[in-house]
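Trainee: Hey, dropping data_25.cif in here, mmCIF, C-alpha atoms and all ligand atoms:
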data_run
loop_
_atom_site.label_atom_id
_atom_site.label_comp_id
_atom_site.auth_asym_id
_atom_site.auth_seq_id
_atom_site.Cartn_x
_atom_site.Cartn_y
_atom_site.Cartn_z
CA MET A 1 -6.90 17.75 7.83
CA LYS A 2 -3.50 16.49 6.89
CA ASN A 3 -3.30 13.39 4.74
CA ILE A 4 -3.73 9.74 5.73
CA ILE A 5 -1.17 7.31 4.34
CA LEU A 6 -1.95 3.62 4.08
CA ILE A 7 0.99 1.26 3.92
CA GLY A 8 1.14 -2.53 4.01
CA PHE A 9 1.63 -5.66 1.99
CA MET A 10 -0.24 -6.47 -1.22
CA GLY A 11 -3.72 -7.78 -0.53
CA THR A 12 -4.21 -6.11 2.84
CA GLY A 13 -6.96 -3.83 1.49
CA LYS A 14 -5.16 -0.49 1.13
CA THR A 15 -7.05 0.62 -1.98
CA GLU A 16 -10.55 -0.42 -0.98
CA ILE A 17 -10.23 0.69 2.64
CA GLY A 18 -8.59 3.94 1.54
CA ARG A 19 -11.51 4.72 -0.76
CA ARG A 20 -13.97 4.17 2.06
CA ILE A 21 -12.06 6.37 4.49
CA ALA A 22 -11.80 9.15 1.90
CA SER A 23 -15.47 9.06 1.08
CA ARG A 24 -16.55 9.03 4.73
CA LEU A 25 -14.23 11.88 5.74
CA ALA A 26 -14.85 13.87 2.54
CA MET A 27 -11.18 13.59 1.60
CA ASP A 28 -9.59 13.01 -1.78
CA PHE A 29 -8.21 9.60 -2.62
CA ILE A 30 -5.07 8.62 -4.50
CA ASP A 31 -3.94 5.10 -5.31
CA ALA A 32 -0.22 5.34 -6.02
CA ASP A 33 -0.04 2.25 -8.25
CA SER A 34 -3.00 3.34 -10.37
CA LEU A 35 -1.46 6.76 -10.78
CA ILE A 36 1.82 5.25 -11.96
CA GLU A 37 -0.09 3.11 -14.47
CA LYS A 38 -2.02 6.14 -15.66
CA ASN A 39 1.09 8.32 -16.00
CA GLU A 40 3.11 5.63 -17.77
CA ARG A 41 0.15 4.28 -19.74
CA ILE A 42 1.28 0.74 -18.98
CA LYS A 43 0.43 -1.88 -16.36
CA ILE A 44 2.76 -2.29 -13.39
CA SER A 45 3.32 -5.94 -14.28
CA GLU A 46 4.57 -4.77 -17.69
CA ILE A 47 6.85 -2.17 -16.13
CA PHE A 48 8.41 -4.94 -14.04
CA ALA A 49 8.70 -7.24 -17.06
CA LYS A 50 10.07 -4.69 -19.51
CA LYS A 51 12.11 -2.32 -17.36
CA GLY A 52 12.68 -4.20 -14.11
CA GLU A 53 11.95 -3.52 -10.45
CA PRO A 54 14.53 -0.72 -9.87
CA TYR A 55 12.93 1.29 -12.68
CA PHE A 56 9.51 0.85 -11.03
CA ARG A 57 10.94 1.87 -7.64
CA ASP A 58 12.31 5.08 -9.19
CA LEU A 59 8.88 5.87 -10.62
CA GLU A 60 7.38 5.26 -7.19
CA THR A 61 9.85 7.59 -5.48
CA LYS A 62 9.30 10.31 -8.11
CA LEU A 63 5.56 10.04 -7.66
CA ILE A 64 5.84 10.51 -3.89
CA LEU A 65 8.11 13.48 -4.40
CA GLY A 66 5.24 15.06 -6.34
CA PHE A 67 2.86 14.58 -3.38
CA LYS A 68 4.62 17.22 -1.30
CA ASP A 69 1.83 19.82 -1.40
CA LEU A 70 -1.04 17.38 -0.95
CA LYS A 71 -3.66 18.06 1.68
CA ASN A 72 -6.82 16.30 2.80
CA THR A 73 -5.97 13.19 0.81
CA VAL A 74 -5.97 9.49 1.64
CA ILE A 75 -3.04 7.85 -0.14
CA ALA A 76 -2.91 4.10 -0.75
CA THR A 77 0.74 3.27 -1.37
CA GLY A 78 2.26 0.26 -3.15
CA GLY A 79 3.33 -2.54 -0.83
CA GLY A 80 7.03 -1.99 -1.41
CA VAL A 81 7.08 1.72 -0.69
CA ILE A 82 8.74 1.19 2.69
CA LEU A 83 11.78 -0.37 1.02
CA ARG A 84 13.30 3.06 0.46
CA GLN A 85 13.94 5.22 3.47
CA GLU A 86 13.57 8.38 1.41
CA ASN A 87 10.00 7.33 0.55
CA VAL A 88 9.19 6.80 4.20
CA LYS A 89 10.63 10.17 5.14
CA MET A 90 8.61 12.00 2.50
CA LEU A 91 5.42 10.14 3.41
CA LYS A 92 5.86 10.83 7.14
CA ASP A 93 5.92 14.53 6.34
CA LEU A 94 2.56 14.18 4.61
CA GLY A 95 0.64 12.50 7.43
CA PRO A 96 0.45 9.46 9.72
CA LEU A 97 1.46 6.08 8.27
CA ILE A 98 -1.23 3.52 8.94
CA LEU A 99 -0.20 -0.07 8.51
CA LEU A 100 -2.70 -2.58 7.20
CA TRP A 101 -1.54 -5.99 8.25
CA SER A 102 -2.88 -9.43 7.31
CA ARG A 103 -1.86 -13.02 7.88
CA PRO A 104 -0.05 -14.60 4.89
CA GLU A 105 -2.77 -17.24 4.43
CA LYS A 106 -5.36 -14.52 4.15
CA ILE A 107 -3.24 -12.56 1.66
CA PHE A 108 -2.85 -15.71 -0.42
CA GLU A 109 -6.60 -16.28 -0.33
CA ARG A 110 -7.18 -12.75 -1.60
CA LEU A 111 -4.50 -12.79 -4.29
CA GLU A 112 -4.63 -16.41 -5.39
CA HIS A 113 -6.30 -15.63 -8.72
CA THR A 114 -4.71 -12.30 -9.56
CA GLN A 115 -1.91 -12.02 -12.06
CA ASP A 116 -0.99 -8.39 -11.59
CA ARG A 117 1.47 -8.75 -8.72
CA PRO A 118 4.77 -9.57 -10.44
CA LEU A 119 6.75 -10.06 -7.22
CA ILE A 120 4.69 -13.07 -6.16
CA GLU A 121 4.09 -14.76 -9.50
CA GLY A 122 5.11 -18.41 -9.62
CA GLU A 123 5.19 -19.94 -6.17
CA LYS A 124 2.73 -17.45 -4.82
CA GLN A 125 2.11 -18.88 -1.38
CA LYS A 126 5.79 -19.29 -0.63
CA LYS A 127 6.71 -15.86 -1.97
CA ILE A 128 4.01 -14.09 0.00
CA LYS A 129 5.25 -15.70 3.18
CA SER A 130 8.92 -14.99 2.64
CA ILE A 131 8.57 -11.41 1.36
CA LEU A 132 6.12 -10.60 4.14
CA GLU A 133 8.46 -12.03 6.76
CA GLY A 134 11.37 -10.03 5.39
CA ARG A 135 9.39 -6.79 5.32
CA ALA A 136 7.49 -7.18 8.59
CA PRO A 137 10.05 -5.36 10.76
CA LEU A 138 10.21 -2.50 8.27
CA TYR A 139 6.45 -2.05 8.17
CA LYS A 140 6.13 -2.20 11.93
CA LYS A 141 9.03 0.17 12.52
CA VAL A 142 7.63 3.00 10.45
CA ALA A 143 3.91 2.64 11.26
CA ASP A 144 2.16 5.20 13.48
CA PHE A 145 -0.87 2.95 13.85
CA GLU A 146 -1.58 -0.59 12.76
CA ILE A 147 -4.60 -2.80 12.23
CA ASP A 148 -4.89 -6.43 11.27
CA THR A 149 -7.44 -6.70 8.45
CA SER A 150 -7.39 -10.52 8.35
CA GLN A 151 -10.79 -10.81 10.05
CA LEU A 152 -12.29 -7.41 9.32
CA SER A 153 -14.67 -6.27 6.62
CA LEU A 154 -13.56 -3.27 4.59
CA ASP A 155 -16.03 -1.07 6.48
CA GLN A 156 -14.88 -2.32 9.87
CA ALA A 157 -11.28 -1.60 8.97
CA ALA A 158 -12.19 1.88 7.72
CA ASP A 159 -14.14 2.50 10.97
CA ARG A 160 -11.15 1.66 13.13
CA ILE A 161 -8.83 3.89 11.19
CA ILE A 162 -11.27 6.79 11.25
CA LYS A 163 -11.66 6.38 14.99
CA TRP A 164 -7.90 6.52 15.45
CA VAL A 165 -7.48 9.52 13.17
CA LYS A 166 -10.19 11.44 15.04
CA LYS A 167 -8.94 10.67 18.52
C1 LIG A 201 4.47 -4.21 -4.69
C2 LIG A 201 3.14 -4.02 -4.43
C3 LIG A 201 2.17 -3.60 -5.46
C4 LIG A 201 2.89 -2.84 -6.58
C5 LIG A 201 4.03 -3.64 -7.10
C6 LIG A 201 5.06 -3.96 -6.02
C7 LIG A 201 5.36 -4.64 -3.58
O1 LIG A 201 1.21 -2.74 -4.86
O2 LIG A 201 3.33 -1.59 -6.14
O3 LIG A 201 3.52 -4.83 -7.66
O4 LIG A 201 6.59 -4.53 -3.72
O5 LIG A 201 4.83 -5.09 -2.54
P1 LIG A 201 -0.01 -3.24 -3.94
O6 LIG A 201 0.51 -3.31 -2.54
O7 LIG A 201 -1.02 -2.16 -4.10
O8 LIG A 201 -0.48 -4.54 -4.45
#
Would you write out, as structure tokens, the structure that this file holds?
Ligand code: S3P
Mentor:
Amino acid sequence: MKNIILIGFMGTGKTEIGRRIASRLAMDFIDADSLIEKNERIKISEIFAKKGEPYFRDLETKLILGFKDLKNTVIATGGGVILRQENVKMLKDLGPLILLWSRPEKIFERLEHTQDRPLIEGEKQKKIKSILEGRAPLYKKVADFEIDTSQLSLDQAADRIIKWVKK
């Protein structure tokens, strides 16, 4: 099996759904953000604070470059991975891009109490809405398959993706 790539905004369930898909299909699982934190030995919020977003984006691109020989792996990407076309191109070579979508109100509900998403700190509700709106066309353009996780449990979402992958 090739790989399965999950893309989508923060709080759409990429990590948790990705884990479930991997375990049910006996695939490996990689969470790109966790791997960056592990490699750099520093939290993503601190990378943003100390080195800035472009530095983080370079780390993200370098990480994906290193995925080129991956097989049989579910990859949960960071929400901003689609911002660079080179990332999208590399990821497309690895496997289908599956977009997890959610309504902004639902994303806010899920992320309201987290403090580890530097891009939406401050006026969280407003920022979620405006960043999501700006990125929506990008996500939709590159996705091979898309599901709305607003009303789905993690298992239901994993089921739908597995069904699509197996078709
Ligand atoms: C980001 C999403 C985060 C993380 C970073 C930037 C984004 O990942 O990569 O905070 O630009 O949307 P998650 O989507 O896993 O929260």
Trainee: So that all listed atoms of segment 117-125 of chain A fit with 8 Å spare on each side, what axis-aligned box centre and edge lengths in Å, to one decimal, would you give as JSON?
Mentor:
{"center_x": 4.1, "center_y": -14.3, "center_z": -5.9, "size_x": 21.3, "size_y": 27.2, "size_z": 25.1}
Trainee: Residues at most 8 Å from ligand LIG 201 (chain A), using only C-alpha atoms and all ligand atoms? Could they come as a list in words?
Mentor: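 The residues near ligand LIG 201 (chain A) are Ile7, Gly8, Phe9, Met10, Gly11, Thr12, Lys14, Thr15, Asp31, Ala32, Asp33, Ile44, Ser45, Ala76, Thr77, Gly78, Gly79, Gly80, Val81, Asp116, Arg117, Pro118 and Leu119 of chain A.
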Trainee: Write out as a PyMOL selection string each polymer residue whose atoms come within 12 Å of Ile75 of chain A, counting all atoms listed in the file; drop sequence neighbours fewer than 6 positions from it.
Mentor: chain A and resi 2-8+14-22+27-35+63-64+67+81+91-92+94-98
Trainee: Tell me, in Å to one decimal, how far atom CA of Phe108 of chain A is from atom CA of Phe48 of chain A.
Mentor: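 Result for atom CA of Phe108 of chain A versus atom CA of Phe48 of chain A: 20.7 Å, one decimal.
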Trainee: What gap, in Å, lies between atom CA of Leu25 of chain A and atom CA of Lys141 of chain A?
Mentor: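 Atom-to-atom, atom CA of Leu25 of chain A to atom CA of Lys141 of chain A, that is 26.9 Å.
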Trainee: Rank nothing, just name the residue among A:Arg41, A:Ala157, A:Lys89, A:Arg110 nearest to Val142 of chain A, using only C-alpha atoms.
Mentor: A:Lys89
Trainee: For atom CA of Ile120 of chain A and atom CA of Gly52 of chain A, determine how far apart the two atoms are, in Å to one decimal place.
Mentor: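 Separation of atom CA of Ile120 of chain A and atom CA of Gly52 of chain A: 14.3 Å.
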Trainee: As a list in words, please: the residues near Leu138 of chain A (cut-off 10 Å, all atoms listed in the file, same-chain neighbours under 4 positions excluded).
Mentor: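 The filter keeps Ile82, Leu83, Gln85, Leu132, Glu133, Gly134, Val142 and Ala143 of chain A.
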Trainee: How would you write as a PyMOL selection string the residues that get within 12 Å of (-8.2, 5.3, 15.1) in the file's frame, counting all atoms listed in the file?
Mentor: chain A and resi 4+21+96-99+144-147+156-167
Trainee: For the point (4.5, -16.4, 1.2) in the file's frame, write as a PyMOL selection string all residues with an atom no more than 12 Å away, counting all atoms listed in the file.
Mentor: chain A and resi 9-10+102-109+111-112+119-135
